[in-house]
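**Q** My questions all concern the structure below.
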Amino acid sequence: MSKKTVNVISLGCSKNLIDAERLMRMLDNVGCETFFEQSAESRPDIVIINTCGFIGDAKEESINTILEWVEAKREGYVQEIFVMGCLSQRYRAELPKEIEEVDKWFGKTDWPDIVREITLKNPSGEKYDRIVTTPPHHAYLKIAEGCNRFCAFCAIPLITGRFRSRPIEEIVGEVKMLVSRGVKEFNVIAQELTGYGIDLYGKRRIADLVEAIAETEGVRWIRLHYAYPADFPLELLDVMARHKNVCRYLDIALQHISDNVLSNMRRHITGKETRELLKTIREKVPGIHIRTTLMVGFPGEGDKEFDELIDFVKEQKFERLGAFAYCEEEDTSAARNFRDEIPPEVKQKRLDKLMAVQEEISLEIQEAKIGRIFRVIVDREDDEFYYGRTEFDSPEVDPEVLITKDIPLTPGQFYDVEITGAYPFELTGRVATNS
């Protein structure tokens, strides 16, 4: 009897990607042949779509992907469609009535049920084992599920539930396993990284966890994602400064600087406290690159509050910045308590202005690197360049370094690269003679 072929498609964030990778390993362990994000032309027996339900655009992408595979099923390219993930978790009652062609709907972490449905077998192996779908030298490392913050605009806690940390020993075991398979770079992720441990140990232990990972043999880079500014554990900064393999990089979503807007957002921090925290971070970890996310158009943001946000960005000169316009999510505190009365065109205008300001700042920061030498890991190549990243650049979201092909380089290896040119969102360089 031939193996069942299963095509797994993962949408949304890197936390979703890890869920897909774990499911793929479970299916592989019980005899399925799994593929990652193959087209319908591969004619799998089953397609599993891991959906995102965070904001409107993500929901739309998930629905469109499901409908594309419904059409592929009608045309005979796939036998069964399974849907899992955040969108499925959130709208478990409604979706089956709307899209009847889907064979089975599952929640976000119903991986054992999916395995049993496909194979009539129970999953086996380590629960944190997975098939890494990123380039083999780097991987995402999820240390917790859920969130306790309940920011006014965010539906994530409604989907994923309360914050749940994984034990330090289990995470370190996963790191050791991945190192044995060639992973050198770990991008540590959680919905709220800095809350790690409070549920398991009664206190925040993100610093202890990062130290344990940093001391694991074979770990070359550790990068931290999705810190929360309120109640920030300052001892983490000491660990970052002490260990060379902890990248001088912190992803910390600030959302806004206006006290009025921050209060409406239920962010539990003031503009003054935000500035003090940023000052402390930069003092304790010299040279750090801070990535943040900001939101425009939230209820209560008038011209005065938006101008304050623009001034804040000009003042702080964030090395990495993303932004988006507020989109009302049903069942959130903001949807219940505020009217979404800022017109879409005003939100877009503010977003465009904010990103134009950031582009100028980014170019200034990038140009300051010309002539300097940075350690770079090479991810891939094409006919013209090798593409790599510095410690300040997370995969997929941050700038790349385009390295001239003067000498052959090997993806997954580190090289000293001299920066020769700069653009707002990428650098050019050549391998330094002493590399």
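Residue numbering restarts at 1 in every chain; chains get A, B, ... in the order shown in the structure tokens, and ligands count up from 1 in that same order.
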Quick one: residues within 9 Å of segment 265-271 of chain A, only C-alpha atoms counted, chain neighbours fewer than 4 positions away excluded, as number ranges by chain?
**A** A: 149-153, 229-231, 254-261, 275-276, 298-299, 333-334
**Q** I'd like the neighbourhood of Asp110 of chain A as a ChimeraX atom specification, where a residue qualifies if any of its atoms comes within 12 Å (using only C-alpha atoms), though same-chain residues fewer than 5 positions away should be ignored.
**A** /A:19-20,22-23,26,50,82-86,88-89,104-105,115-117,123
**Q** Please give the complete set of residues from segment 312-435 of chain A that DSSP, run on the backbone, assigns to strand (DSSP E or B), formatted as a short mmCIF file (atom, residue, chain, number, x, y, z; two decimals) with N, CA, C and O atoms, in the first residue's frame.
**A**
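Generated file (selection27.cif):
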```cif
data_model
loop_
_atom_site.label_atom_id
_atom_site.label_comp_id
_atom_site.auth_asym_id
_atom_site.auth_seq_id
_atom_site.Cartn_x
_atom_site.Cartn_y
_atom_site.Cartn_z
N ARG A 320 14.91 49.28 12.84
CA ARG A 320 13.93 48.47 12.09
C ARG A 320 12.53 48.86 12.56
O ARG A 320 12.29 48.91 13.78
N LEU A 321 11.63 49.11 11.64
CA LEU A 321 10.29 49.53 12.04
C LEU A 321 9.27 49.06 11.02
O LEU A 321 9.45 49.22 9.81
N GLY A 322 8.20 48.47 11.51
CA GLY A 322 7.05 48.12 10.69
C GLY A 322 5.83 48.83 11.26
O GLY A 322 5.80 49.22 12.43
N ALA A 323 4.82 49.03 10.44
CA ALA A 323 3.62 49.72 10.91
C ALA A 323 2.41 49.20 10.15
O ALA A 323 2.53 48.67 9.05
N PHE A 324 1.24 49.37 10.78
CA PHE A 324 0.01 49.00 10.10
C PHE A 324 -1.12 49.88 10.62
O PHE A 324 -1.01 50.51 11.68
N ALA A 325 -2.18 49.94 9.85
CA ALA A 325 -3.35 50.73 10.23
C ALA A 325 -4.30 49.88 11.06
O ALA A 325 -4.46 48.69 10.80
N ILE A 373 33.04 46.36 8.65
CA ILE A 373 33.03 44.92 8.42
C ILE A 373 32.09 44.26 9.44
O ILE A 373 32.18 44.54 10.64
N PHE A 374 31.20 43.42 8.95
CA PHE A 374 30.24 42.73 9.80
C PHE A 374 30.30 41.23 9.55
O PHE A 374 30.57 40.78 8.42
N ARG A 375 30.03 40.47 10.59
CA ARG A 375 29.89 39.03 10.45
C ARG A 375 28.53 38.77 9.80
O ARG A 375 27.50 39.28 10.25
N VAL A 376 28.52 37.96 8.75
CA VAL A 376 27.31 37.72 7.97
C VAL A 376 27.12 36.22 7.78
O VAL A 376 28.09 35.50 7.50
N ILE A 377 25.91 35.76 7.92
CA ILE A 377 25.60 34.37 7.57
C ILE A 377 24.95 34.36 6.19
O ILE A 377 24.08 35.19 5.90
N VAL A 378 25.41 33.48 5.33
CA VAL A 378 24.89 33.41 3.97
C VAL A 378 23.68 32.47 3.94
O VAL A 378 23.75 31.34 4.41
N ASP A 379 22.57 32.98 3.38
CA ASP A 379 21.34 32.19 3.30
C ASP A 379 21.18 31.48 1.96
O ASP A 379 20.72 30.34 1.90
N ARG A 380 21.53 32.17 0.87
CA ARG A 380 21.22 31.64 -0.47
C ARG A 380 22.03 32.39 -1.50
O ARG A 380 22.79 33.30 -1.16
N GLU A 381 21.86 32.02 -2.77
CA GLU A 381 22.55 32.71 -3.86
C GLU A 381 21.71 32.68 -5.11
O GLU A 381 20.79 31.86 -5.27
N PHE A 385 24.45 37.37 -6.96
CA PHE A 385 24.86 37.65 -5.59
C PHE A 385 24.68 36.44 -4.68
O PHE A 385 23.87 35.55 -4.94
N TYR A 386 25.44 36.46 -3.56
CA TYR A 386 25.08 35.70 -2.37
C TYR A 386 24.24 36.62 -1.50
O TYR A 386 24.49 37.83 -1.44
N TYR A 387 23.27 36.05 -0.79
CA TYR A 387 22.40 36.84 0.08
C TYR A 387 22.61 36.40 1.52
O TYR A 387 22.44 35.23 1.85
N GLY A 388 22.99 37.38 2.36
CA GLY A 388 23.25 37.06 3.75
C GLY A 388 22.62 38.07 4.69
O GLY A 388 21.96 39.02 4.27
N ARG A 389 22.82 37.84 5.99
CA ARG A 389 22.27 38.72 7.01
C ARG A 389 23.30 38.93 8.11
O ARG A 389 24.09 38.04 8.41
N GLU A 400 18.72 42.44 3.80
CA GLU A 400 19.74 41.46 3.46
C GLU A 400 21.00 42.17 3.02
O GLU A 400 20.98 43.35 2.66
N VAL A 401 22.10 41.44 3.04
CA VAL A 401 23.36 41.92 2.49
C VAL A 401 23.61 41.17 1.19
O VAL A 401 23.67 39.94 1.17
N LEU A 402 23.72 41.91 0.09
CA LEU A 402 23.99 41.34 -1.22
C LEU A 402 25.50 41.32 -1.43
O LEU A 402 26.14 42.37 -1.52
N ILE A 403 26.07 40.12 -1.46
CA ILE A 403 27.52 39.95 -1.47
C ILE A 403 27.97 39.56 -2.88
O ILE A 403 27.43 38.63 -3.48
N THR A 404 28.94 40.29 -3.40
CA THR A 404 29.44 40.00 -4.74
C THR A 404 30.08 38.61 -4.78
O THR A 404 30.65 38.14 -3.79
N PHE A 414 29.41 31.45 8.01
CA PHE A 414 29.63 32.84 8.39
C PHE A 414 30.87 33.40 7.70
O PHE A 414 31.88 32.70 7.56
N TYR A 415 30.78 34.67 7.30
CA TYR A 415 31.91 35.36 6.67
C TYR A 415 31.96 36.80 7.16
O TYR A 415 30.93 37.39 7.50
N ASP A 416 33.18 37.36 7.18
CA ASP A 416 33.33 38.79 7.44
C ASP A 416 33.13 39.53 6.12
O ASP A 416 33.81 39.24 5.13
N VAL A 417 32.19 40.46 6.11
CA VAL A 417 31.82 41.16 4.89
C VAL A 417 31.99 42.66 5.08
O VAL A 417 31.48 43.24 6.06
N GLU A 418 32.69 43.28 4.15
CA GLU A 418 32.84 44.73 4.15
C GLU A 418 31.67 45.34 3.38
O GLU A 418 31.40 44.95 2.24
N ILE A 419 30.99 46.30 3.99
CA ILE A 419 29.84 46.94 3.37
C ILE A 419 30.32 48.00 2.38
O ILE A 419 31.10 48.88 2.73
N THR A 420 29.85 47.88 1.15
CA THR A 420 30.28 48.79 0.09
C THR A 420 29.17 49.72 -0.40
O THR A 420 29.46 50.72 -1.06
N GLY A 421 27.92 49.42 -0.09
CA GLY A 421 26.82 50.26 -0.55
C GLY A 421 25.60 50.07 0.33
O GLY A 421 25.47 49.07 1.04
N ALA A 422 24.72 51.07 0.32
CA ALA A 422 23.56 51.02 1.21
C ALA A 422 22.32 51.57 0.54
O ALA A 422 22.38 52.55 -0.21
N TYR A 423 21.22 50.92 0.80
CA TYR A 423 19.89 51.35 0.41
C TYR A 423 19.02 51.29 1.66
O TYR A 423 19.43 50.71 2.67
N GLU A 426 18.41 47.35 2.21
CA GLU A 426 19.40 46.33 1.90
C GLU A 426 20.78 46.96 1.85
O GLU A 426 20.92 48.19 1.69
N LEU A 427 21.79 46.11 1.99
CA LEU A 427 23.18 46.53 1.90
C LEU A 427 23.87 45.74 0.80
O LEU A 427 23.42 44.65 0.43
N THR A 428 24.96 46.26 0.29
CA THR A 428 25.82 45.50 -0.62
C THR A 428 27.20 45.38 0.03
O THR A 428 27.60 46.22 0.83
N GLY A 429 27.91 44.32 -0.32
CA GLY A 429 29.21 44.14 0.28
C GLY A 429 30.05 43.11 -0.44
O GLY A 429 29.60 42.48 -1.41
N ARG A 430 31.28 42.98 0.04
CA ARG A 430 32.20 41.96 -0.49
C ARG A 430 32.89 41.30 0.69
O ARG A 430 33.05 41.91 1.75
N VAL A 431 33.32 40.07 0.50
CA VAL A 431 33.99 39.35 1.56
C VAL A 431 35.30 40.05 1.89
O VAL A 431 36.07 40.39 0.99
#
```
**Q** List the spatial neighbours of Val102 of chain A as a ChimeraX atom specification - criterion: any atom at most 10 Å away, only C-alpha atoms, same-chain residues fewer than 5 positions off excluded.
**A** /A:66-67,69-70,73,80-83,95-97
**Q** Store the residues of this selection in a file with C-alpha atoms, as a CSV table (one decimal), in the first residue's frame.
**A**
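The resulting file, again32.csv, is shown below:
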```
chain,number,residue,atom,x,y,z
A,66,ILE,CA,-9.0,27.5,1.1
A,67,LEU,CA,-11.1,28.4,-1.9
A,69,TRP,CA,-7.8,24.3,-3.0
A,70,VAL,CA,-11.6,23.8,-3.1
A,73,LYS,CA,-10.4,19.4,-5.4
A,80,GLU,CA,-9.3,15.8,0.8
A,81,ILE,CA,-8.9,19.3,2.4
A,82,PHE,CA,-8.2,19.7,6.1
A,83,VAL,CA,-8.1,23.2,7.7
A,95,LEU,CA,-16.7,28.1,8.7
A,96,PRO,CA,-18.1,24.6,8.0
A,97,LYS,CA,-21.4,26.1,7.1
```
**Q** Where does segment 55-153 of chain A meet segment 39-44 of chain A within 10 Å, residue by residue, with the nearest atom pair and distance in Å to one decimal for each, counting only C-alpha atoms, listed by chain and rising number, as a tab-separated table?
**A**
```
residue	atom	partner	partner_atom	distance
A:Glu68	CA	A:Ala40	CA	9.3
A:Trp69	CA	A:Ala40	CA	7.5
A:Glu71	CA	A:Ala40	CA	9.9
A:Ala72	CA	A:Ala40	CA	6.5
A:Lys73	CA	A:Ala40	CA	8.9
A:Glu75	CA	A:Ala40	CA	9.9
A:Gly76	CA	A:Arg43	CA	8.2
A:Tyr77	CA	A:Arg43	CA	4.8
A:Val78	CA	A:Pro44	CA	5.5
A:Gln79	CA	A:Pro44	CA	7.5
A:Glu80	CA	A:Pro44	CA	8.8
```
**Q** Find the residues around segment 171-181 of chain A up to 7 Å (only C-alpha atoms counted), leave out those fewer than 3 positions away in its own chain, and share them as a VMD selection string.
**A** chain A and resid 128 143 166 to 168 184 213 218 to 219
**Q** Name the closest residue to Lys353 of chain A among the candidates A:Glu273, A:Glu98, A:Asp208, A:Asp307; distances are taken between atoms, counting only C-alpha atoms.
**A**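 Comparing A:Glu273, A:Glu98, A:Asp208, A:Asp307 against Lys353 of chain A, the winner is A:Asp307.
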**Q** Would you please give, as a ChimeraX atom specification, all residues of segment 168-413 of chain A that DSSP assigns to alpha helix (DSSP H) based on the backbone?
**A** /A:168-180,198-201,206-214,235-242,259-265,271-284,303-316,333-337,344-367
**Q** Tell me which protein, DNA and RNA residues are within 7 Å of Val8 of chain A, counting only C-alpha atoms, leaving out same-chain ones fewer than 6 positions away, and put them as a VMD selection string.
**A** chain A and resid 20 35 to 37 47 to 49
